[in-house]
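Trainee: File name protein_5.pdb; file contents PDB, C-alpha atoms; full text below.
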ATOM      1  CA  MET H   1     -38.906  45.404  -0.946
ATOM      2  CA  ALA H   2     -35.929  44.729   1.342
ATOM      3  CA  ILE H   3     -33.345  47.361   2.307
ATOM      4  CA  LEU H   4     -29.972  45.760   2.976
ATOM      5  CA  THR H   5     -26.509  46.981   3.929
ATOM      6  CA  GLY H   6     -23.579  45.599   1.972
ATOM      7  CA  THR H   7     -19.949  46.002   0.977
ATOM      8  CA  ILE H   8     -18.699  46.764  -2.532
ATOM      9  CA  LEU H   9     -16.518  43.903  -3.774
ATOM     10  CA  SER H  10     -15.837  45.212  -7.281
ATOM     11  CA  GLY H  11     -17.466  47.120 -10.082
ATOM     12  CA  SER H  12     -17.228  48.477 -13.597
ATOM     13  CA  ASN H  13     -19.439  50.550 -15.882
ATOM     14  CA  ASN H  14     -21.459  51.677 -12.832
ATOM     15  CA  THR H  15     -22.527  48.122 -11.993
ATOM     16  CA  PHE H  16     -21.194  46.714  -8.739
ATOM     17  CA  GLU H  17     -20.968  43.425  -6.870
ATOM     18  CA  VAL H  18     -22.328  44.010  -3.361
ATOM     19  CA  GLU H  19     -21.875  41.487  -0.558
ATOM     20  CA  THR H  20     -24.412  41.363   2.268
ATOM     21  CA  TYR H  21     -24.217  39.270   5.433
ATOM     22  CA  SER H  22     -26.996  37.813   7.538
ATOM     23  CA  PRO H  23     -25.824  37.267  11.146
ATOM     24  CA  GLU H  24     -28.893  35.131  11.888
ATOM     25  CA  ALA H  25     -28.290  32.713   9.035
ATOM     26  CA  LYS H  26     -24.499  33.257   9.138
ATOM     27  CA  VAL H  27     -24.434  33.446   5.366
ATOM     28  CA  SER H  28     -23.226  35.960   2.805
ATOM     29  CA  SER H  29     -25.046  36.846  -0.413
ATOM     30  CA  ILE H  30     -23.777  38.721  -3.456
ATOM     31  CA  PHE H  31     -26.013  41.037  -5.485
ATOM     32  CA  LEU H  32     -25.274  42.644  -8.826
ATOM     33  CA  CYS H  33     -26.332  46.278  -8.420
ATOM     34  CA  PRO H  34     -26.327  49.380 -10.587
ATOM     35  CA  LEU H  35     -26.793  52.802  -9.018
ATOM     36  CA  LYS H  36     -30.445  53.724  -8.596
ATOM     37  CA  SER H  37     -29.615  57.156  -9.985
ATOM     38  CA  LYS H  38     -26.603  58.262 -11.985
ATOM     39  CA  ARG H  39     -25.130  60.144  -9.039
ATOM     40  CA  LEU H  40     -24.915  59.560  -5.314
ATOM     41  CA  LYS H  41     -25.657  62.392  -2.892
ATOM     42  CA  SER H  42     -22.045  62.307  -1.699
ATOM     43  CA  ASP H  43     -20.570  62.142  -5.219
ATOM     44  CA  LYS H  44     -17.481  64.387  -5.366
ATOM     45  CA  LYS H  45     -16.818  63.987  -9.080
ATOM     46  CA  TYR H  46     -14.559  61.000  -8.659
ATOM     47  CA  TYR H  47     -13.477  58.991 -11.696
ATOM     48  CA  ASN H  48     -15.508  56.172 -10.119
ATOM     49  CA  PRO H  49     -18.325  56.812  -7.616
ATOM     50  CA  LEU H  50     -17.641  53.714  -5.497
ATOM     51  CA  ALA H  51     -14.637  51.561  -4.634
ATOM     52  CA  PRO H  52     -14.054  48.121  -3.117
ATOM     53  CA  GLY H  53     -14.588  48.375   0.638
ATOM     54  CA  ASP H  54     -17.374  50.980   0.406
ATOM     55  CA  TRP H  55     -20.463  50.329   2.511
ATOM     56  CA  VAL H  56     -23.775  50.934   0.729
ATOM     57  CA  LYS H  57     -27.518  50.572   1.119
ATOM     58  CA  ILE H  58     -29.296  48.504  -1.529
ATOM     59  CA  GLU H  59     -32.911  47.824  -2.463
ATOM     60  CA  VAL H  60     -33.762  44.211  -3.283
ATOM     61  CA  GLU H  61     -37.177  43.145  -4.549
ATOM     62  CA  ASN H  62     -36.428  39.440  -4.741
ATOM     63  CA  ILE H  63     -33.699  38.050  -2.475
ATOM     64  CA  ASP H  64     -33.250  35.040  -4.766
ATOM     65  CA  SER H  65     -32.769  37.138  -7.895
ATOM     66  CA  GLY H  66     -29.198  38.153  -7.066
ATOM     67  CA  LYS H  67     -29.987  41.687  -8.233
ATOM     68  CA  GLY H  68     -30.596  44.988  -6.497
ATOM     69  CA  LEU H  69     -30.171  48.758  -6.699
ATOM     70  CA  ILE H  70     -27.622  50.865  -4.809
ATOM     71  CA  THR H  71     -29.507  53.701  -3.142
ATOM     72  CA  ASP H  72     -27.016  55.287  -0.778
ATOM     73  CA  LEU H  73     -23.373  55.397   0.275
ATOM     74  CA  ILE H  74     -22.642  55.065   3.987
ATOM     75  CA  GLU H  75     -20.062  57.598   5.211
ATOM     76  CA  ARG H  76     -16.533  56.331   4.663
ATOM     77  CA  LYS H  77     -14.077  55.792   7.507
ATOM     78  CA  ASN H  78     -11.336  56.612   5.018
ATOM     79  CA  SER H  79     -10.450  56.213   1.354
ATOM     80  CA  PHE H  80      -7.270  55.884  -0.696
ATOM     81  CA  VAL H  81      -7.218  58.035  -3.811
ATOM     82  CA  ARG H  82      -4.866  58.901  -6.658
ATOM     83  CA  TRP H  83      -5.178  61.465  -9.437
ATOM     84  CA  ASN H  84      -6.278  59.812 -12.674
ATOM     85  CA  VAL H  85      -4.359  61.676 -15.367
ATOM     86  CA  LYS H  86      -6.401  60.321 -18.262
ATOM     87  CA  GLY H  87      -9.737  61.054 -16.597
ATOM     88  CA  ARG H  88      -8.511  64.378 -15.131
ATOM     89  CA  CYS H  89     -10.144  63.680 -11.787
ATOM     90  CA  PRO H  90      -9.466  61.766  -8.558
ATOM     91  CA  GLN H  91      -9.867  57.999  -8.631
ATOM     92  CA  LEU H  92     -10.990  55.982  -5.616
ATOM     93  CA  LEU H  93      -8.861  52.857  -5.170
ATOM     94  CA  ALA H  94     -10.259  51.472  -1.903
ATOM     95  CA  ALA H  95     -12.285  52.483   1.156
ATOM     96  CA  ASN H  96     -12.710  51.766   4.882
ATOM     97  CA  LEU H  97      -9.226  50.309   5.269
ATOM     98  CA  ASP H  98      -7.147  49.225   8.228
ATOM     99  CA  ASN H  99      -3.939  49.467   6.173
ATOM    100  CA  ILE H 100      -2.509  50.398   2.822
ATOM    101  CA  ILE H 101       0.002  47.753   1.733
ATOM    102  CA  LEU H 102       2.575  49.259  -0.642
ATOM    103  CA  VAL H 103       4.259  46.573  -2.719
ATOM    104  CA  THR H 104       7.687  47.110  -4.254
ATOM    105  CA  THR H 105      10.541  44.971  -5.634
ATOM    106  CA  PRO H 106      14.345  45.162  -5.787
ATOM    107  CA  ALA H 107      14.114  44.491  -9.539
ATOM    108  CA  GLN H 108      11.806  43.130 -12.249
ATOM    109  CA  PRO H 109      10.432  45.832 -12.422
ATOM    110  CA  ASP H 110      13.089  48.285 -11.311
ATOM    111  CA  PHE H 111      13.077  49.531  -7.733
ATOM    112  CA  ARG H 112      11.435  52.979  -7.600
ATOM    113  CA  PRO H 113      11.733  54.507  -4.113
ATOM    114  CA  ARG H 114      10.138  57.832  -5.127
ATOM    115  CA  PHE H 115       7.060  55.901  -6.281
ATOM    116  CA  ILE H 116       6.801  54.556  -2.715
ATOM    117  CA  ASP H 117       7.433  58.026  -1.235
ATOM    118  CA  ARG H 118       4.502  59.412  -3.254
ATOM    119  CA  GLU H 119       2.226  56.642  -2.003
ATOM    120  CA  LEU H 120       3.399  57.181   1.583
ATOM    121  CA  ALA H 121       2.641  60.908   1.325
ATOM    122  CA  GLN H 122      -0.857  60.210  -0.052
ATOM    123  CA  ALA H 123      -1.548  57.717   2.751
ATOM    124  CA  GLU H 124      -0.276  60.191   5.389
ATOM    125  CA  TYR H 125      -2.554  62.858   3.885
ATOM    126  CA  GLN H 126      -5.516  60.516   4.166
ATOM    127  CA  ASN H 127      -4.464  59.293   7.628
ATOM    128  CA  ILE H 128      -4.215  55.602   6.731
ATOM    129  CA  GLU H 129      -1.501  53.447   8.273
ATOM    130  CA  CYS H 130       0.996  52.211   5.683
ATOM    131  CA  VAL H 131       2.952  48.972   5.449
ATOM    132  CA  ILE H 132       5.615  48.240   2.832
ATOM    133  CA  ILE H 133       6.122  44.797   1.308
ATOM    134  CA  ALA H 134       9.377  44.190  -0.541
ATOM    135  CA  ASN H 135       8.437  41.266  -2.770
ATOM    136  CA  LYS H 136      10.797  39.143  -4.908
ATOM    137  CA  CYS H 137      13.446  39.069  -2.194
ATOM    138  CA  ASP H 138      14.639  35.796  -3.718
ATOM    139  CA  LEU H 139      16.329  37.885  -6.444
ATOM    140  CA  GLU H 140      20.025  38.655  -6.003
ATOM    141  CA  GLU H 141      19.225  42.360  -6.427
ATOM    142  CA  SER H 142      17.608  42.255  -2.975
ATOM    143  CA  GLU H 143      21.148  42.375  -1.566
ATOM    144  CA  ASN H 144      21.828  45.673  -3.336
ATOM    145  CA  PRO H 145      23.071  48.149  -0.669
ATOM    146  CA  ASP H 146      20.839  50.991  -1.933
ATOM    147  CA  PHE H 147      17.745  48.797  -1.843
ATOM    148  CA  MET H 148      18.523  47.557   1.668
ATOM    149  CA  ALA H 149      19.302  51.083   2.895
ATOM    150  CA  ARG H 150      15.998  52.448   1.574
ATOM    151  CA  LEU H 151      14.011  49.717   3.327
ATOM    152  CA  THR H 152      15.897  50.373   6.567
ATOM    153  CA  GLY H 153      15.268  54.112   6.173
ATOM    154  CA  TRP H 154      11.514  53.604   5.949
ATOM    155  CA  GLU H 155      11.637  51.327   8.990
ATOM    156  CA  GLU H 156      13.497  54.028  10.947
ATOM    157  CA  LEU H 157      10.628  56.397  10.120
ATOM    158  CA  GLY H 158       8.222  53.965  11.787
ATOM    159  CA  TYR H 159       6.864  52.153   8.736
ATOM    160  CA  LYS H 160       6.601  48.381   9.038
ATOM    161  CA  VAL H 161       8.489  46.631   6.227
ATOM    162  CA  PHE H 162       8.107  42.980   5.228
ATOM    163  CA  ARG H 163      10.759  41.289   3.096
ATOM    164  CA  VAL H 164       9.079  38.402   1.284
ATOM    165  CA  SER H 165       9.081  36.221  -1.805
ATOM    166  CA  SER H 166       5.762  35.044  -3.199
ATOM    167  CA  LYS H 167       7.759  32.582  -5.321
ATOM    168  CA  THR H 168       9.651  30.789  -2.523
ATOM    169  CA  GLY H 169       7.322  31.551   0.403
ATOM    170  CA  PHE H 170      10.009  33.445   2.294
ATOM    171  CA  GLY H 171       8.426  35.781   4.870
ATOM    172  CA  ILE H 172       4.839  34.840   3.970
ATOM    173  CA  ASN H 173       3.970  33.352   7.374
ATOM    174  CA  GLU H 174       5.045  36.526   9.178
ATOM    175  CA  LEU H 175       2.924  38.546   6.748
ATOM    176  CA  LYS H 176      -0.086  36.290   7.389
ATOM    177  CA  THR H 177       0.195  36.909  11.140
ATOM    178  CA  TYR H 178       0.140  40.665  10.573
ATOM    179  CA  LEU H 179      -2.804  40.642   8.166
ATOM    180  CA  ASN H 180      -5.087  38.507  10.337
ATOM    181  CA  GLY H 181      -8.444  40.214  10.902
ATOM    182  CA  LYS H 182      -7.618  43.269   8.786
ATOM    183  CA  LEU H 183      -8.982  44.849   5.597
ATOM    184  CA  CYS H 184      -6.046  46.044   3.497
ATOM    185  CA  ALA H 185      -5.465  47.275  -0.043
ATOM    186  CA  PHE H 186      -2.457  46.084  -2.036
ATOM    187  CA  VAL H 187      -1.170  49.031  -4.091
ATOM    188  CA  GLY H 188       1.830  49.308  -6.373
ATOM    189  CA  GLN H 189       3.202  49.616  -9.862
ATOM    190  CA  SER H 190       2.462  46.974 -12.492
ATOM    191  CA  GLY H 191       4.548  43.818 -12.198
ATOM    192  CA  VAL H 192       5.523  43.988  -8.518
ATOM    193  CA  GLY H 193       3.513  40.834  -7.777
ATOM    194  CA  LYS H 194       0.397  41.934  -5.882
ATOM    195  CA  SER H 195      -1.705  39.098  -7.317
ATOM    196  CA  SER H 196       1.143  36.622  -6.780
ATOM    197  CA  LEU H 197       1.271  37.641  -3.120
ATOM    198  CA  ILE H 198      -2.463  37.017  -2.757
ATOM    199  CA  ASN H 199      -2.014  33.587  -4.335
ATOM    200  CA  ALA H 200       0.777  32.888  -1.814
ATOM    201  CA  LEU H 201      -1.520  33.922   1.062
ATOM    202  CA  ASP H 202      -4.431  31.802  -0.199
ATOM    203  CA  SER H 203      -3.760  29.416  -3.079
ATOM    204  CA  SER H 204      -7.474  28.798  -3.662
ATOM    205  CA  TYR H 205      -7.815  32.032  -5.657
ATOM    206  CA  GLY H 206      -5.351  31.255  -8.446
ATOM    207  CA  LEU H 207      -5.357  34.870  -9.608
ATOM    208  CA  LYS H 208      -3.948  35.526 -13.056
ATOM    209  CA  THR H 209      -0.415  36.884 -12.890
ATOM    210  CA  GLY H 210       1.747  38.446 -15.587
ATOM    211  CA  GLY H 211       5.366  39.039 -16.403
ATOM    212  CA  LEU H 212       7.225  42.082 -17.647
ATOM    213  CA  SER H 213       7.117  43.755 -21.025
ATOM    214  CA  THR H 214      10.103  42.392 -22.928
ATOM    215  CA  LYS H 215      10.475  45.716 -24.724
ATOM    216  CA  TYR H 216      10.368  48.080 -21.750
ATOM    217  CA  GLY H 217      11.034  45.857 -18.714
ATOM    218  CA  LYS H 218       7.902  47.190 -17.026
ATOM    219  CA  GLY H 219       4.945  45.335 -15.584
ATOM    220  CA  CYS H 220       1.982  44.343 -17.732
ATOM    221  CA  HIS H 221      -1.510  45.000 -16.358
ATOM    222  CA  THR H 222      -3.167  41.739 -15.316
ATOM    223  CA  THR H 223      -5.577  43.070 -12.666
ATOM    224  CA  THR H 224      -7.970  45.329 -14.564
ATOM    225  CA  LYS H 225     -10.259  46.407 -11.720
ATOM    226  CA  GLY H 226     -10.052  46.560  -7.940
ATOM    227  CA  THR H 227     -11.554  43.551  -6.183
ATOM    228  CA  LEU H 228     -12.118  42.785  -2.505
ATOM    229  CA  LEU H 229     -11.135  39.194  -1.688
ATOM    230  CA  HIS H 230     -11.643  37.228   1.516
ATOM    231  CA  ILE H 231      -8.415  35.403   2.302
ATOM    232  CA  GLN H 232      -8.208  32.194   4.334
ATOM    233  CA  LEU H 233      -4.798  32.589   5.991
ATOM    234  CA  SER H 234      -5.089  29.396   8.043
ATOM    235  CA  GLN H 235      -7.805  27.152   9.404
ATOM    236  CA  GLU H 236      -8.815  29.836  11.927
ATOM    237  CA  GLU H 237      -7.344  33.090  10.569
ATOM    238  CA  THR H 238      -8.772  35.291   7.813
ATOM    239  CA  CYS H 239      -8.326  38.741   6.351
ATOM    240  CA  SER H 240      -9.715  40.735   3.449
ATOM    241  CA  VAL H 241      -7.508  42.168   0.716
ATOM    242  CA  ILE H 242      -8.355  44.609  -2.061
ATOM    243  CA  ASP H 243      -6.281  43.748  -5.113
ATOM    244  CA  THR H 244      -5.906  47.034  -7.007
ATOM    245  CA  PRO H 245      -4.798  47.385 -10.639
ATOM    246  CA  GLY H 246      -1.119  48.173 -11.103
ATOM    247  CA  VAL H 247      -0.188  51.692 -12.142
ATOM    248  CA  ARG H 248       2.912  53.018 -13.885
ATOM    249  CA  ARG H 249       2.540  56.536 -12.478
ATOM    250  CA  PHE H 250       1.165  57.360  -9.046
ATOM    251  CA  VAL H 251       0.054  61.003  -9.092
ATOM    252  CA  LEU H 252      -0.818  62.686  -5.799
ATOM    253  CA  HIS H 253      -4.264  64.160  -5.198
ATOM    254  CA  GLY H 254      -5.214  66.949  -2.805
ATOM    255  CA  ILE H 255      -1.689  67.847  -1.630
ATOM    256  CA  GLU H 256      -0.320  71.293  -2.411
ATOM    257  CA  ALA H 257       3.409  71.683  -3.081
ATOM    258  CA  SER H 258       3.737  74.003  -0.072
ATOM    259  CA  ASP H 259       2.151  71.361   2.190
ATOM    260  CA  LEU H 260       4.055  68.254   1.057
ATOM    261  CA  ALA H 261       6.511  68.395   3.985
ATOM    262  CA  LEU H 262       3.552  67.875   6.326
ATOM    263  CA  TYR H 263       3.292  64.338   4.935
ATOM    264  CA  PHE H 264       6.976  63.451   5.237
ATOM    265  CA  ARG H 265       7.197  62.124   8.797
ATOM    266  CA  GLU H 266      10.719  63.305   9.458
ATOM    267  CA  MET H 267      10.023  66.852   8.262
ATOM    268  CA  GLN H 268       6.645  67.523   9.846
ATOM    269  CA  PRO H 269       7.917  68.117  13.445
ATOM    270  CA  LEU H 270      10.386  70.770  12.207
ATOM    271  CA  LEU H 271       7.900  72.887  10.259
ATOM    272  CA  GLY H 272       7.521  76.413  11.586
ATOM    273  CA  GLN H 273      10.835  76.302  13.460
ATOM    274  CA  CYS H 274      12.928  77.782  10.625
ATOM    275  CA  THR H 275      14.148  81.390  10.785
ATOM    276  CA  PHE H 276      11.580  82.328   8.136
ATOM    277  CA  GLY H 277       8.856  80.240   9.782
ATOM    278  CA  MET H 278       6.246  78.738   7.505
ATOM    279  CA  SER H 279       7.527  80.898   4.616
ATOM    280  CA  CYS H 280      10.742  78.847   4.416
ATOM    281  CA  THR H 281      11.096  76.873   1.191
ATOM    282  CA  HIS H 282      13.635  74.502   2.785
ATOM    283  CA  THR H 283      15.954  74.855  -0.204
ATOM    284  CA  ASN H 284      18.570  77.549   0.500
ATOM    285  CA  GLU H 285      17.559  79.664   3.501
ATOM    286  CA  ARG H 286      19.848  80.251   6.463
ATOM    287  CA  GLY H 287      18.344  78.935   9.655
ATOM    288  CA  CYS H 288      16.279  76.275   7.889
ATOM    289  CA  LYS H 289      15.796  73.479  10.401
ATOM    290  CA  ILE H 290      15.060  70.918   7.693
ATOM    291  CA  LEU H 291      18.310  71.693   5.854
ATOM    292  CA  GLU H 292      20.187  71.515   9.161
ATOM    293  CA  ALA H 293      18.633  68.095   9.756
ATOM    294  CA  VAL H 294      19.748  66.957   6.299
ATOM    295  CA  TYR H 295      23.324  68.206   6.861
ATOM    296  CA  SER H 296      23.492  66.445  10.234
ATOM    297  CA  GLY H 297      22.084  63.175   8.852
ATOM    298  CA  VAL H 298      18.840  63.286  10.843
ATOM    299  CA  ILE H 299      16.934  63.470   7.542
ATOM    300  CA  SER H 300      18.392  61.283   4.799
ATOM    301  CA  GLU H 301      19.620  63.006   1.660
ATOM    302  CA  GLU H 302      17.605  60.498  -0.409
ATOM    303  CA  ARG H 303      14.312  61.379   1.260
ATOM    304  CA  TYR H 304      15.049  65.091   1.084
ATOM    305  CA  ASP H 305      15.824  64.766  -2.624
ATOM    306  CA  SER H 306      12.601  62.777  -3.051
ATOM    307  CA  TRP H 307      10.642  65.570  -1.312
ATOM    308  CA  LYS H 308      12.229  68.210  -3.579
ATOM    309  CA  ARG H 309      11.486  66.289  -6.759
ATOM    310  CA  ILE H 310       7.901  65.472  -5.798
ATOM    311  CA  THR H 311       7.372  69.126  -4.834
ATOM    312  CA  GLU H 312       8.527  70.128  -8.309
ATOM    313  CA  GLU H 313       6.225  67.538  -9.881
ATOM    314  CA  ILE H 314       3.241  69.015  -8.026
ATOM    315  CA  LYS H 315       4.200  72.544  -9.103
ATOM    316  CA  THR H 316       4.716  71.713 -12.778
ATOM    317  CA  GLY H 317       2.136  68.951 -13.199
ATOM    318  CA  ARG H 318       4.800  66.842 -14.915
ATOM    319  CA  TRP H 319       5.130  63.493 -13.185
ATOM    320  CA  ASP H 320       7.875  60.957 -13.775
ATOM    321  CA  ASP H 321       6.923  57.382 -14.595
TER     322      ASP H 321
END
How would this structure read if it were set down as structure tokens?

Mentor:
Amino acid sequence: MAILTGTILSGSNNTFEVETYSPEAKVSSIFLCPLKSKRLKSDKKYYNPLAPGDWVKIEVENIDSGKGLITDLIERKNSFVRWNVKGRCPQLLAANLDNIILVTTPAQPDFRPRFIDRELAQAEYQNIECVIIANKCDLEESENPDFMARLTGWEELGYKVFRVSSKTGFGINELKTYLNGKLCAFVGQSGVGKSSLINALDSSYGLKTGGLSTKYGKGCHTTTKGTLLHIQLSQEETCSVIDTPGVRRFVLHGIEASDLALYFREMQPLLGQCTFGMSCTHTNERGCKILEAVYSGVISEERYDSWKRITEEIKTGRWDD
């Protein structure tokens, strides 16, 4: 019986692909592994017990069989989670990341800045560095002043933004340079082109891509489960990318309405400085430092409105698409 350490590549129905690496032989092996028991010791009632990027211990009786049993989860460096409305519990999307890559578009599907603001807040809560990719910048809508202003606004907050086109190759080389040596998860709504971007980074994968629903103009799900892929960026450069399934609603997990401002970078330094201190709702009070920052243009009206609307969504449990 061999005890090996491996990385979760993908999984469904509690059966997972686990990749192990032998430094002596310089070779990777993939084992198909169910959980040895129905629950892991560290199980926190997630929708799924493991995610791509998780490190696990496995038991293997026969190395050549390609099969094993997952016995333990190694403590995560971090994880990216959303609330699964249908399952009524948190859902792990990826683990042990260097970056979250948030993918958006100027159109096809429609640009949804509040969707990105939700994802940014969740990443800030989980202390994972975020990068934004604006894909489909070959479309004429990419010149829309509102779209350009939103991207610039995120950059001014310190988020790195890439403007690319997986179709034409515009901006892909700059993105490759950034991704080199990293493990990142591509996250975004259906139809923004996450799989197309991976194909542009490494054409050997040929991932299935989909268009938009002709009835609703929204993305169709083509990636049905998260998968960790090793990307050959150039002859000498590589990275690993977790391609996550597209979602139409990104619902926050673990953030209380009263705490949301902590995860908006421009608001966090001002908290506690209002006349009413931490009791301030930042909506109508005199002496509110956040409102003063909005009136003076230090905080953009768009981001403030986004914070208000997301706060209301958390309070009511009613989330916009």

Trainee: Considering all atoms listed in the file, return as a PyMOL selection string whatever protein or nucleic-acid residues lie within 6 Å of Ile8 (chain H), sequence-local ones (same chain, fewer than 5 positions apart) excluded.

Mentor: chain H and resi 17-18+52-54

Trainee: Determine, counting only C-alpha atoms, every residue of protein, DNA or RNA that lies within 9 Å of (11.6, 42.5, 5.6) in the file coordinates, then give the result as a list of chain:residue names.

Mentor: H:Ile132, H:Ile133, H:Ala134, H:Cys137, H:Leu151, H:Lys160, H:Val161, H:Phe162, H:Arg163, H:Val164, H:Gly171

Trainee: Using the chain letters and numbers from the file, give me the residues hit by the PyMOL selection byres ((chain H and resi 69) around 7), as a list in words.

Mentor: Cys33, Pro34, Leu35, Lys36, Ile58, Glu59, Val60, Gly68, Ile70 and Thr71 of chain H

Trainee: So which residues touch region 79-96 of chain H within 8 Å, counting only C-alpha atoms, skipping near sequence neighbours fewer than 6 positions away, as number ranges by chain?

Mentor: H: 45-54, 122-123, 126, 183, 185, 226, 242, 244, 250-253

Trainee: Mind giving me the straight-line distance from CA of Pro23 (chain H) to CA of Asn199 (chain H) in Å, one decimal?

Mentor: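 Rounded to one decimal, the two atoms are 28.6 Å apart.
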
Trainee: Find the distance between CA of Val192 (chain H) and CA of Glu119 (chain H) and write it in Å to one decimal.

Mentor: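 Straight-line distance from CA of Val192 (chain H) to CA of Glu119 (chain H) works out to 14.6 Å.
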
Trainee: Anything within 12 Å of (0.5, 42.2, 12.2): list those residues as a ChimeraX atom specification, counting only C-alpha atoms and sticking to the file's coordinates.

Mentor: /H:98-99,101,130-131,160-162,172-184,239

Trainee: Could you jot down the CA of Ala261 (chain H) to CA of Arg118 (chain H) separation for me, Å, one decimal place?

Mentor: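 These atoms are spaced 11.7 Å apart.
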
Trainee: May I have the residues within 8 Å of Phe147 (chain H) as JSON, numbers by chain, using only C-alpha atoms and disregarding those fewer than 5 positions away in the same chain?

Mentor: {"H": [106, 111, 142]}

Trainee: Generate the missing atoms of region 305-316 of chain H up to N, CA, C and O atoms and report them as a short mmCIF file (atom, residue, chain, number, x, y, z; two decimals), in the frame of the given file.

Mentor:
data_model
loop_
_atom_site.label_atom_id
_atom_site.label_comp_id
_atom_site.auth_asym_id
_atom_site.auth_seq_id
_atom_site.Cartn_x
_atom_site.Cartn_y
_atom_site.Cartn_z
N ASP H 305 15.85 64.63 -1.17
CA ASP H 305 15.82 64.77 -2.62
C ASP H 305 14.48 64.32 -3.19
O ASP H 305 13.95 64.95 -4.11
N SER H 306 13.92 63.25 -2.62
CA SER H 306 12.60 62.78 -3.05
C SER H 306 11.55 63.85 -2.80
O SER H 306 10.71 64.14 -3.67
N TRP H 307 11.60 64.49 -1.62
CA TRP H 307 10.64 65.57 -1.31
C TRP H 307 10.78 66.72 -2.31
O TRP H 307 9.77 67.23 -2.81
N LYS H 308 12.02 67.11 -2.63
CA LYS H 308 12.23 68.21 -3.58
C LYS H 308 11.66 67.87 -4.96
O LYS H 308 11.01 68.70 -5.59
N ARG H 309 11.92 66.67 -5.41
CA ARG H 309 11.49 66.29 -6.76
C ARG H 309 9.97 66.14 -6.84
O ARG H 309 9.35 66.52 -7.83
N ILE H 310 9.36 65.59 -5.80
CA ILE H 310 7.90 65.47 -5.80
C ILE H 310 7.26 66.85 -5.70
O ILE H 310 6.24 67.13 -6.35
N THR H 311 7.86 67.75 -4.92
CA THR H 311 7.37 69.13 -4.83
C THR H 311 7.37 69.77 -6.21
O THR H 311 6.39 70.44 -6.60
N GLU H 312 8.44 69.57 -6.97
CA GLU H 312 8.53 70.13 -8.31
C GLU H 312 7.49 69.50 -9.23
O GLU H 312 6.90 70.18 -10.08
N GLU H 313 7.24 68.21 -9.07
CA GLU H 313 6.22 67.54 -9.88
C GLU H 313 4.85 68.14 -9.62
O GLU H 313 4.07 68.36 -10.56
N ILE H 314 4.53 68.41 -8.35
CA ILE H 314 3.24 69.02 -8.03
C ILE H 314 3.13 70.40 -8.65
O ILE H 314 2.10 70.78 -9.22
N LYS H 315 4.22 71.18 -8.57
CA LYS H 315 4.20 72.54 -9.10
C LYS H 315 4.02 72.58 -10.61
O LYS H 315 3.27 73.40 -11.16
N THR H 316 4.71 71.68 -11.31
CA THR H 316 4.72 71.71 -12.78
C THR H 316 3.62 70.85 -13.39
O THR H 316 3.26 71.04 -14.56
#
